[in-house]
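Structure file my_file29.tsv (TSV, C-alpha atoms) is printed below.
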chain	number	residue	atom	x	y	z
D	1	MET	CA	-29.34	63.11	6.65
D	2	PHE	CA	-28.73	61.55	3.22
D	3	LYS	CA	-25.14	60.68	4.09
D	4	SER	CA	-26.26	59.10	7.36
D	5	THR	CA	-28.95	57.02	5.68
D	6	PHE	CA	-26.62	55.95	2.86
D	7	GLY	CA	-23.95	54.92	5.35
D	8	ALA	CA	-26.41	52.84	7.34
D	9	MET	CA	-27.64	51.09	4.20
D	10	ALA	CA	-24.08	50.32	3.11
D	11	LEU	CA	-23.31	48.89	6.53
D	12	LEU	CA	-26.41	46.67	6.45
D	13	THR	CA	-25.56	45.52	2.93
D	14	GLY	CA	-22.02	44.62	4.03
D	15	ILE	CA	-23.30	42.68	7.03
D	16	PHE	CA	-25.80	40.82	4.81
D	17	MET	CA	-23.07	39.87	2.31
D	18	VAL	CA	-20.72	38.63	5.04
D	19	SER	CA	-23.58	36.70	6.60
D	20	CYS	CA	-24.46	35.05	3.29
D	21	LYS	CA	-20.82	34.15	2.69
D	22	LYS	CA	-20.54	32.52	6.11
D	23	GLU	CA	-23.76	30.58	5.54
D	24	ASN	CA	-22.58	29.35	2.12
D	25	THR	CA	-19.22	28.29	3.54
D	26	THR	CA	-20.94	26.46	6.38
D	27	ALA	CA	-23.29	24.76	3.93
D	28	GLN	CA	-20.33	23.54	1.86
D	29	ASN	CA	-18.53	22.22	4.93
D	30	THR	CA	-21.59	20.36	6.21
D	31	SER	CA	-22.87	18.93	2.91
D	32	PRO	CA	-22.81	15.10	2.97
D	33	LYS	CA	-19.76	13.34	1.57
D	34	ILE	CA	-18.77	9.86	0.49
D	35	ASN	CA	-15.73	8.82	2.50
D	36	PHE	CA	-13.58	5.98	1.19
D	37	ILE	CA	-11.58	4.20	3.90
D	38	PHE	CA	-8.64	1.83	3.39
D	39	HIS	CA	-8.76	-1.47	5.29
D	40	PHE	CA	-6.03	-4.09	4.92
D	41	ASP	CA	-7.05	-7.71	5.54
D	42	SER	CA	-4.58	-10.60	5.50
D	43	THR	CA	-7.42	-13.17	5.88
D	44	GLN	CA	-9.37	-12.05	2.79
D	45	ALA	CA	-9.37	-14.36	-0.24
D	46	ARG	CA	-6.17	-14.32	-2.30
D	47	LEU	CA	-7.13	-13.68	-5.93
D	48	ASN	CA	-5.34	-13.71	-9.27
D	49	ALA	CA	-5.80	-11.19	-12.08
D	50	LEU	CA	-9.07	-12.85	-13.13
D	51	GLY	CA	-10.58	-12.63	-9.66
D	52	GLN	CA	-10.14	-16.35	-8.93
D	53	GLU	CA	-8.70	-17.74	-5.69
D	54	VAL	CA	-5.11	-18.83	-6.15
D	55	THR	CA	-2.15	-20.14	-4.16
D	56	VAL	CA	1.46	-18.92	-4.29
D	57	GLY	CA	3.21	-19.66	-7.57
D	58	SER	CA	5.66	-22.52	-7.85
D	59	GLY	CA	9.20	-21.53	-6.94
D	60	ASN	CA	8.07	-18.44	-5.08
D	61	GLY	CA	7.70	-17.51	-1.42
D	62	ALA	CA	5.14	-15.07	-0.03
D	63	GLN	CA	4.01	-13.38	3.16
D	64	SER	CA	1.25	-11.07	4.34
D	65	PRO	CA	2.85	-7.66	5.01
D	66	VAL	CA	1.79	-5.17	7.69
D	67	PHE	CA	0.73	-2.00	5.91
D	68	ASN	CA	1.85	1.48	6.92
D	69	LYS	CA	0.50	3.59	4.06
D	70	MET	CA	-1.06	3.34	0.61
D	71	SER	CA	-2.10	5.81	-2.08
D	72	SER	CA	-4.54	5.65	-4.98
D	73	HIS	CA	-4.40	7.23	-8.43
D	74	TYR	CA	-7.98	6.81	-9.67
D	75	VAL	CA	-11.41	6.00	-8.20
D	76	GLU	CA	-14.56	5.16	-10.14
D	77	LEU	CA	-18.04	3.84	-9.36
D	78	ALA	CA	-19.57	1.48	-11.95
D	79	PRO	CA	-23.28	0.58	-12.14
D	80	ASP	CA	-22.83	-2.90	-13.62
D	81	GLN	CA	-20.39	-5.39	-15.07
D	82	PHE	CA	-20.71	-3.96	-18.58
D	83	THR	CA	-19.65	-0.43	-17.64
D	84	ALA	CA	-16.42	0.26	-19.49
D	85	LEU	CA	-13.48	1.74	-17.62
D	86	GLY	CA	-14.02	5.50	-17.51
D	87	ALA	CA	-17.73	5.30	-18.38
D	88	GLY	CA	-18.87	5.17	-14.76
D	89	GLN	CA	-18.73	7.93	-12.15
D	90	VAL	CA	-15.07	8.98	-12.06
D	91	LEU	CA	-14.58	10.49	-8.61
D	92	TYR	CA	-10.85	11.11	-8.49
D	93	LYS	CA	-7.65	11.17	-10.48
D	94	SER	CA	-4.39	12.19	-8.85
D	95	ALA	CA	-1.87	14.65	-10.27
D	96	GLU	CA	0.29	13.54	-13.19
D	97	THR	CA	3.43	14.99	-14.76
D	98	THR	CA	5.69	14.60	-17.78
D	99	ALA	CA	8.76	15.88	-15.91
D	100	GLY	CA	10.36	12.46	-16.32
D	101	GLY	CA	9.53	12.18	-20.02
D	102	SER	CA	6.40	10.08	-20.45
D	103	ARG	CA	3.17	10.65	-18.52
D	104	ALA	CA	3.46	9.49	-14.92
D	105	ILE	CA	1.87	9.78	-11.48
D	106	ASP	CA	3.39	12.70	-9.56
D	107	PHE	CA	4.27	10.96	-6.31
D	108	SER	CA	5.11	14.21	-4.55
D	109	GLN	CA	1.42	15.13	-4.67
D	110	SER	CA	0.04	11.73	-3.66
D	111	LYS	CA	-2.20	11.43	-0.61
D	112	LEU	CA	-1.18	8.58	1.70
D	113	ALA	CA	-3.53	6.82	4.11
D	114	GLY	CA	-3.08	3.95	6.56
D	115	GLN	CA	-5.24	1.28	8.15
D	116	ASP	CA	-8.87	2.44	8.56
D	117	GLU	CA	-8.01	5.96	7.38
D	118	VAL	CA	-9.96	7.99	4.81
D	119	PHE	CA	-8.10	8.21	1.50
D	120	LEU	CA	-10.78	10.08	-0.45
D	121	SER	CA	-13.80	12.27	0.38
D	122	VAL	CA	-16.13	13.56	-2.33
D	123	PRO	CA	-19.46	15.44	-2.08
D	124	VAL	CA	-22.47	13.18	-2.56
D	125	SER	CA	-24.00	15.96	-4.66
D	126	GLY	CA	-21.37	15.34	-7.32
D	127	VAL	CA	-22.43	11.72	-7.83
D	128	ALA	CA	-25.34	10.91	-10.15
D	129	ALA	CA	-28.31	9.23	-8.50
D	130	GLY	CA	-28.36	5.51	-9.18
D	131	THR	CA	-27.27	2.07	-8.02
D	132	TYR	CA	-23.59	1.17	-8.14
D	133	ASN	CA	-22.47	-2.44	-7.86
D	134	TRP	CA	-18.74	-2.10	-8.56
D	135	LEU	CA	-15.82	0.01	-7.41
D	136	ARG	CA	-12.58	0.56	-9.30
D	137	VAL	CA	-9.51	1.87	-7.51
D	138	SER	CA	-6.18	2.35	-9.22
D	139	LEU	CA	-3.60	1.71	-6.51
D	140	ALA	CA	-0.31	3.54	-6.84
D	141	TYR	CA	1.97	3.14	-3.82
D	142	GLN	CA	2.39	0.78	-0.89
D	143	ASN	CA	4.58	1.04	2.19
D	144	TYR	CA	4.65	-1.94	4.53
D	145	ASN	CA	6.72	-3.94	6.98
D	146	ILE	CA	7.91	-7.44	6.17
D	147	GLN	CA	10.01	-10.09	7.85
D	148	TYR	CA	13.33	-11.14	6.34
D	149	ARG	CA	16.18	-13.43	7.29
D	150	PHE	CA	19.78	-12.26	7.66
D	151	MET	CA	22.65	-14.00	9.43
D	152	ASN	CA	20.18	-16.71	10.55
D	153	GLN	CA	18.05	-14.09	12.31
D	154	LEU	CA	14.48	-13.10	11.53
D	155	LEU	CA	14.34	-9.31	11.30
D	156	GLN	CA	11.85	-6.65	10.21
D	157	GLY	CA	12.31	-4.37	7.24
D	158	THR	CA	10.23	-1.84	5.30
D	159	LEU	CA	9.33	-2.02	1.63
D	160	ALA	CA	8.24	0.89	-0.56
D	161	SER	CA	6.41	-0.48	-3.58
D	162	PHE	CA	5.24	1.53	-6.61
D	163	ILE	CA	2.53	-0.35	-8.45
D	164	GLY	CA	0.94	2.43	-10.52
D	165	PHE	CA	1.33	2.37	-14.31
D	166	ASN	CA	4.27	4.81	-14.13
D	167	THR	CA	5.52	7.04	-11.30
D	168	TYR	CA	7.66	10.16	-11.33
D	169	LEU	CA	9.92	10.28	-8.27
D	170	THR	CA	12.22	12.97	-6.95
D	171	THR	CA	13.42	12.06	-3.45
D	172	TYR	CA	11.29	9.76	-1.31
D	173	LYS	CA	11.64	8.06	2.07
D	174	VAL	CA	11.33	4.31	2.61
D	175	LYS	CA	11.32	4.34	6.42
D	176	ASP	CA	14.20	6.38	7.85
D	177	SER	CA	16.35	6.47	4.72
D	178	SER	CA	15.72	8.44	1.54
D	179	LEU	CA	16.40	7.65	-2.11
D	180	THR	CA	16.78	10.19	-4.92
D	181	VAL	CA	15.57	9.17	-8.38
D	182	ASN	CA	14.53	12.32	-10.30
D	183	GLY	CA	12.90	10.23	-12.98
D	184	ASN	CA	10.13	7.82	-13.92
D	185	ARG	CA	9.80	4.29	-12.62
D	186	SER	CA	7.42	1.76	-14.14
D	187	GLN	CA	5.03	-0.55	-12.33
D	188	GLY	CA	6.83	-2.91	-9.97
D	189	TYR	CA	9.65	-0.62	-8.85
D	190	TRP	CA	10.55	-1.18	-5.19
D	191	ALA	CA	12.99	-0.16	-2.45
D	192	PHE	CA	13.74	-2.15	0.69
D	193	GLU	CA	15.17	-0.74	3.91
D	194	SER	CA	16.66	-3.15	6.42
D	195	ASN	CA	18.23	-2.43	9.78
D	196	TYR	CA	20.93	-4.56	11.33
D	197	LEU	CA	22.83	-3.67	14.49
D	198	GLY	CA	21.58	-0.11	14.22
D	199	TYR	CA	22.70	0.38	10.62
D	200	GLY	CA	20.18	1.05	7.87
D	201	PHE	CA	20.68	-0.49	4.44
D	202	VAL	CA	18.60	0.32	1.34
D	203	SER	CA	18.37	-1.66	-1.87
D	204	SER	CA	16.05	-1.16	-4.84
D	205	GLY	CA	14.96	-3.02	-7.92
D	206	GLN	CA	12.34	-3.55	-10.60
D	207	ALA	CA	9.91	-6.45	-10.83
D	208	PRO	CA	9.35	-7.88	-14.34
D	209	ALA	CA	6.80	-6.16	-16.56
D	210	GLY	CA	3.34	-7.66	-16.12
D	211	ALA	CA	4.26	-9.46	-12.89
D	212	THR	CA	2.11	-7.26	-10.62
D	213	THR	CA	-1.24	-8.91	-9.93
D	214	VAL	CA	-4.26	-6.64	-10.50
D	215	PRO	CA	-7.52	-8.50	-9.71
D	216	ASN	CA	-10.37	-7.74	-12.11
D	217	PRO	CA	-13.33	-10.15	-11.90
D	218	LEU	CA	-14.84	-8.25	-14.86
D	219	PHE	CA	-11.94	-9.06	-17.21
D	220	ALA	CA	-14.33	-10.50	-19.82
D	221	SER	CA	-16.95	-7.72	-19.88
D	222	SER	CA	-14.92	-4.71	-18.72
D	223	PRO	CA	-11.16	-5.12	-19.20
D	224	ILE	CA	-8.46	-2.75	-17.92
D	225	PRO	CA	-5.30	-1.64	-19.76
D	226	ALA	CA	-2.22	-3.81	-19.34
D	227	GLY	CA	0.24	-2.33	-16.87
D	228	SER	CA	-2.38	-0.36	-14.97
D	229	CYS	CA	-3.30	-1.15	-11.39
D	230	VAL	CA	-7.06	-0.63	-11.52
D	231	VAL	CA	-8.33	-3.16	-8.99
D	232	THR	CA	-12.03	-3.98	-9.40
D	233	GLY	CA	-14.30	-5.14	-6.59
D	234	MET	CA	-18.02	-5.77	-6.14
D	235	PHE	CA	-19.84	-4.02	-3.31
D	236	ALA	CA	-20.93	-6.35	-0.51
D	237	SER	CA	-24.33	-4.64	-0.96
D	238	PRO	CA	-25.02	-2.16	-3.79
D	239	LEU	CA	-24.29	1.50	-3.16
D	240	VAL	CA	-27.52	3.44	-3.76
D	241	ILE	CA	-27.38	7.20	-4.29
D	242	THR	CA	-30.79	8.91	-4.18
D	243	GLY	CA	-29.70	12.53	-4.36
D	244	ASN	CA	-31.52	13.24	-1.10
D	245	GLU	CA	-28.75	12.20	1.29
D	246	THR	CA	-28.43	14.28	4.46
D	247	SER	CA	-25.47	12.51	6.10
D	248	ASP	CA	-22.08	11.12	5.10
D	249	ILE	CA	-21.71	7.73	3.43
D	250	ASN	CA	-18.71	5.75	4.67
D	251	ILE	CA	-17.31	3.02	2.45
D	252	ARG	CA	-14.71	0.60	3.75
D	253	VAL	CA	-12.46	-0.51	0.90
D	254	SER	CA	-11.13	-3.83	2.17
D	255	LEU	CA	-7.98	-4.90	0.34
D	256	SER	CA	-6.62	-8.43	0.48
D	257	THR	CA	-3.02	-8.48	1.69
D	258	ASN	CA	-3.11	-12.28	1.88
D	259	LYS	CA	0.48	-13.20	0.93
D	260	SER	CA	0.54	-10.16	-1.34
D	261	PHE	CA	4.33	-9.75	-1.07
D	262	GLU	CA	5.82	-12.48	-3.26
D	263	TRP	CA	9.42	-13.20	-4.14
D	264	THR	CA	11.45	-15.66	-6.19
D	265	GLU	CA	12.78	-18.15	-3.69
D	266	VAL	CA	16.48	-18.90	-3.96
D	267	ALA	CA	17.58	-19.61	-0.39
D	268	ASN	CA	15.67	-20.87	2.67
D	269	PRO	CA	12.10	-21.92	1.80
D	270	GLY	CA	9.44	-19.88	3.59
D	271	THR	CA	11.55	-16.82	4.46
D	272	TYR	CA	12.58	-13.76	2.47
D	273	ASP	CA	16.40	-13.82	2.22
D	274	PRO	CA	17.49	-10.75	0.19
D	275	ALA	CA	21.17	-11.19	1.04
D	276	ASP	CA	21.01	-14.70	-0.44
D	277	GLY	CA	19.38	-13.76	-3.72
D	278	ASP	CA	15.64	-13.66	-3.04
D	279	VAL	CA	14.07	-10.89	-5.16
D	280	PRO	CA	10.54	-9.34	-5.05
D	281	VAL	CA	8.49	-10.39	-8.05
D	282	ASP	CA	4.83	-9.56	-7.27
D	283	MET	CA	3.54	-6.88	-4.93
D	284	GLY	CA	-0.03	-6.62	-6.18
D	285	ILE	CA	-3.05	-6.40	-3.88
D	286	ARG	CA	-4.96	-9.70	-3.91
D	287	GLY	CA	-8.57	-8.54	-4.06
D	288	MET	CA	-10.94	-5.76	-3.03
D	289	ILE	CA	-14.33	-5.76	-1.29
D	290	PRO	CA	-16.01	-2.37	-0.85
D	291	LYS	CA	-18.72	-2.17	1.81
D	292	VAL	CA	-21.05	0.64	2.85
D	293	LEU	CA	-20.78	0.93	6.63

Would you mind writing the file out in structure tokens?
Amino acid sequence: MFKSTFGAMALLTGIFMVSCKKENTTAQNTSPKINFIFHFDSTQARLNALGQEVTVGSGNGAQSPVFNKMSSHYVELAPDQFTALGAGQVLYKSAETTAGGSRAIDFSQSKLAGQDEVFLSVPVSGVAAGTYNWLRVSLAYQNYNIQYRFMNQLLQGTLASFIGFNTYLTTYKVKDSSLTVNGNRSQGYWAFESNYLGYGFVSSGQAPAGATTVPNPLFASSPIPAGSCVVTGMFASPLVITGNETSDINIRVSLSTNKSFEWTEVANPGTYDPADGDVPVDMGIRGMIPKVL
């Protein structure tokens, strides 16, 4: 009788524990999240590093690329314009490594997202209640299609652009072709894949230090380190976290791609002519507007 009763109690205890575990797992899966969504807009204002509207620099050409993928390295919510970098709600920081010597973003572990795709989801419960007026996103990698001229023909190529402070690369793919680096590359490193008559050609290079535009309208009250790519943008309407949210919060992070691919113009004005000496000089995003949907 004792053995029978003990066995029944053990069985009930086991069922209860499994049931609790399933309920906890379900609760975690259904708890509200903040979803950050990339949106690329070629009609958005074209800003300089100070957050002011600007035209293309003298002697340069530029075009609005068509984005395939992008990755971020760091995401932070800031209550106001005086919140120092890192003093807000830091929501994400991607993996880093010293395999290439100095500290660098580990590109092999980067999460890529395309147009209107979620690039980061975090539980609302992990964000302090309050009102947030600013978003900071450190952008790390871009992959987009651009037009170029070769043999008097306008063709389409693909550019891989690394705009993070420093990136460790092993082997990566531009479009169909792969490049092996096994080392660090600083901000402004790029690779371009063209295709002519069915043959793929890949070239790579390095933009000058400090040439990558990183818009920060808060440069006076909340500066960012030189060489980083922490783009700062003001919410269209403040993000308010009460701590009582019951559903997801979706935030569209609209990035200005308005003539964001810029090159030094050597050959034909208005077109990118890599075979004739045109070289990428600035691949920075030209502004950011986060909006709660």

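Counting all atoms listed in the file, the residue from D:Ser194, D:Gln89, D:Ser222, D:Gln187 that sits nearest to D:Ala275 is D:Ser194.
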
Would you kindly return, as a list in words, each protein, DNA or RNA residue with an atom no farther than 8 Å from any atom of D:Ala45, considering only C-alpha atoms and excluding same-chain residues fewer than 5 positions away?
-> Glu53, Ser256, Asn258, Arg286 and Gly287 of chain D

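With only C-alpha atoms taken into account, the protein and nucleic acid residues at most 7 Å from D:Gly284 (excluding it and anything under 3 positions from it in its own chain) are Thr212, Thr213, Val214 and Ser260 of chain D.
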
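If you count only C-alpha atoms and ignore residues fewer than 2 places along the chain from D:Cys229, what sits within 9 Å of it is His73, Val137, Ser138, Leu139, Ala140, Ile163, Gly164, Phe165, Gln187, Thr212, Thr213, Val214, Pro215, Ile224, Pro225, Ala226, Gly227, Val231 and Gly284 of chain D.
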
Return the single residue from D:Leu155, D:Ala207, D:Ala87, D:Ser237 that is closest to D:Trp263, with distances computed using only C-alpha atoms.
-> D:Ala207

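For the set D:Asn166, D:Phe119, D:Leu239, D:Arg136, the residue with the smallest atom-to-atom gap to D:Ile105 is D:Asn166, counting all atoms listed in the file.
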
Close residues, D:Phe82 itself excluded, 10 Å, only C-alpha atoms, min 6 positions apart in chain, as a PyMOL selection string | chain D and resi 218+220-223

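From atom CA of D:Ala191 back to atom CA of D:Phe40, the distance works out to 20.8 Å.
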
Write out as an mmCIF file with C-alpha atoms, in the frame of the given file each polymer residue whose atoms come within 9 Å of D:Lys111, counting only C-alpha atoms; drop sequence neighbours fewer than 3 positions from it.
data_model
loop_
_atom_site.group_PDB
_atom_site.id
_atom_site.type_symbol
_atom_site.label_atom_id
_atom_site.label_comp_id
_atom_site.auth_asym_id
_atom_site.auth_seq_id
_atom_site.Cartn_x
_atom_site.Cartn_y
_atom_site.Cartn_z
ATOM 1 C CA MET D 70 -1.060 3.340 0.610
ATOM 2 C CA SER D 71 -2.100 5.810 -2.080
ATOM 3 C CA SER D 72 -4.540 5.650 -4.980
ATOM 4 C CA SER D 94 -4.390 12.190 -8.850
ATOM 5 C CA PHE D 107 4.270 10.960 -6.310
ATOM 6 C CA SER D 108 5.110 14.210 -4.550
ATOM 7 C CA PHE D 119 -8.100 8.210 1.500
ATOM 8 C CA LEU D 120 -10.780 10.080 -0.450
#

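Of the residues listed (D:Thr97, D:Ser186, D:Asn195, D:Gln206), D:Asn195 shows the shortest atom-to-atom separation from D:Thr158; distances use all atoms listed in the file.
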
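Rounded to one decimal, atom CA of D:Val174 and atom CA of D:Ile251 lie 28.7 Å from each other.
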
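Proximity to D:Leu169 was assessed for D:Arg185, D:Lys69, D:Arg149, D:Lys93 counting all atoms listed in the file; the smallest distance is recorded for D:Arg185.
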
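Residue nearest D:Asp116, chosen from D:Thr43, D:Ser203, D:Asn68, D:Gln63 and counting only C-alpha atoms: D:Asn68.
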
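The space separating atom CA of D:Ile241 from atom CA of D:Ala129 comes to 4.8 Å.
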
Using the atoms already present, construct N, CA and C atoms for stretch 94-118 of chain D and hand them back as a compact mmCIF listing (two decimals), in the frame of the given file.
# COMPACT_ATOMS: atom_id res chain seq x y z
N SER D 94 -5.46 11.44 -9.48
CA SER D 94 -4.39 12.19 -8.85
C SER D 94 -3.55 12.92 -9.89
N ALA D 95 -2.70 13.82 -9.40
CA ALA D 95 -1.87 14.65 -10.27
C ALA D 95 -0.89 13.79 -11.07
N GLU D 96 -0.68 14.19 -12.32
CA GLU D 96 0.29 13.54 -13.19
C GLU D 96 1.29 14.57 -13.70
N THR D 97 2.39 14.09 -14.25
CA THR D 97 3.43 14.99 -14.76
C THR D 97 4.18 14.31 -15.90
N THR D 98 4.81 15.12 -16.73
CA THR D 98 5.69 14.60 -17.78
C THR D 98 7.13 15.04 -17.52
N ALA D 99 7.41 15.42 -16.27
CA ALA D 99 8.76 15.88 -15.91
C ALA D 99 9.81 14.81 -16.17
N GLY D 100 9.41 13.54 -16.10
CA GLY D 100 10.36 12.46 -16.32
C GLY D 100 10.36 11.94 -17.74
N GLY D 101 9.62 12.63 -18.63
CA GLY D 101 9.53 12.18 -20.02
C GLY D 101 8.11 11.80 -20.37
N SER D 102 7.76 10.54 -20.18
CA SER D 102 6.40 10.08 -20.45
C SER D 102 5.46 10.43 -19.29
N ARG D 103 4.17 10.33 -19.54
CA ARG D 103 3.17 10.65 -18.52
C ARG D 103 3.32 9.71 -17.32
N ALA D 104 3.25 10.28 -16.12
CA ALA D 104 3.46 9.49 -14.92
C ALA D 104 2.72 10.11 -13.74
N ILE D 105 2.45 9.31 -12.74
CA ILE D 105 1.87 9.78 -11.48
C ILE D 105 2.91 10.65 -10.77
N ASP D 106 2.50 11.82 -10.30
CA ASP D 106 3.39 12.70 -9.56
C ASP D 106 3.34 12.30 -8.08
N PHE D 107 4.31 11.49 -7.67
CA PHE D 107 4.27 10.96 -6.31
C PHE D 107 4.34 12.04 -5.25
N SER D 108 4.98 13.15 -5.54
CA SER D 108 5.11 14.21 -4.55
C SER D 108 3.77 14.80 -4.14
N GLN D 109 2.74 14.60 -4.97
CA GLN D 109 1.42 15.13 -4.67
C GLN D 109 0.42 14.04 -4.25
N SER D 110 0.92 12.84 -4.04
CA SER D 110 0.04 11.73 -3.66
C SER D 110 -0.42 11.86 -2.21
N LYS D 111 -1.67 11.46 -1.97
CA LYS D 111 -2.20 11.43 -0.61
C LYS D 111 -2.07 10.03 -0.06
N LEU D 112 -1.40 9.89 1.09
CA LEU D 112 -1.18 8.58 1.70
C LEU D 112 -2.15 8.38 2.85
N ALA D 113 -2.62 7.15 3.01
CA ALA D 113 -3.53 6.82 4.11
C ALA D 113 -3.19 5.43 4.63
N GLY D 114 -3.39 5.22 5.93
CA GLY D 114 -3.08 3.95 6.56
C GLY D 114 -4.32 3.15 6.89
N GLN D 115 -4.15 2.18 7.77
CA GLN D 115 -5.24 1.28 8.15
C GLN D 115 -6.42 2.05 8.73
N ASP D 116 -7.61 1.83 8.12
CA ASP D 116 -8.87 2.44 8.56
C ASP D 116 -8.85 3.96 8.52
N GLU D 117 -8.05 4.52 7.59
CA GLU D 117 -8.01 5.96 7.38
C GLU D 117 -8.69 6.32 6.07
N VAL D 118 -9.30 7.50 6.02
CA VAL D 118 -9.96 7.99 4.81
C VAL D 118 -8.91 8.37 3.77
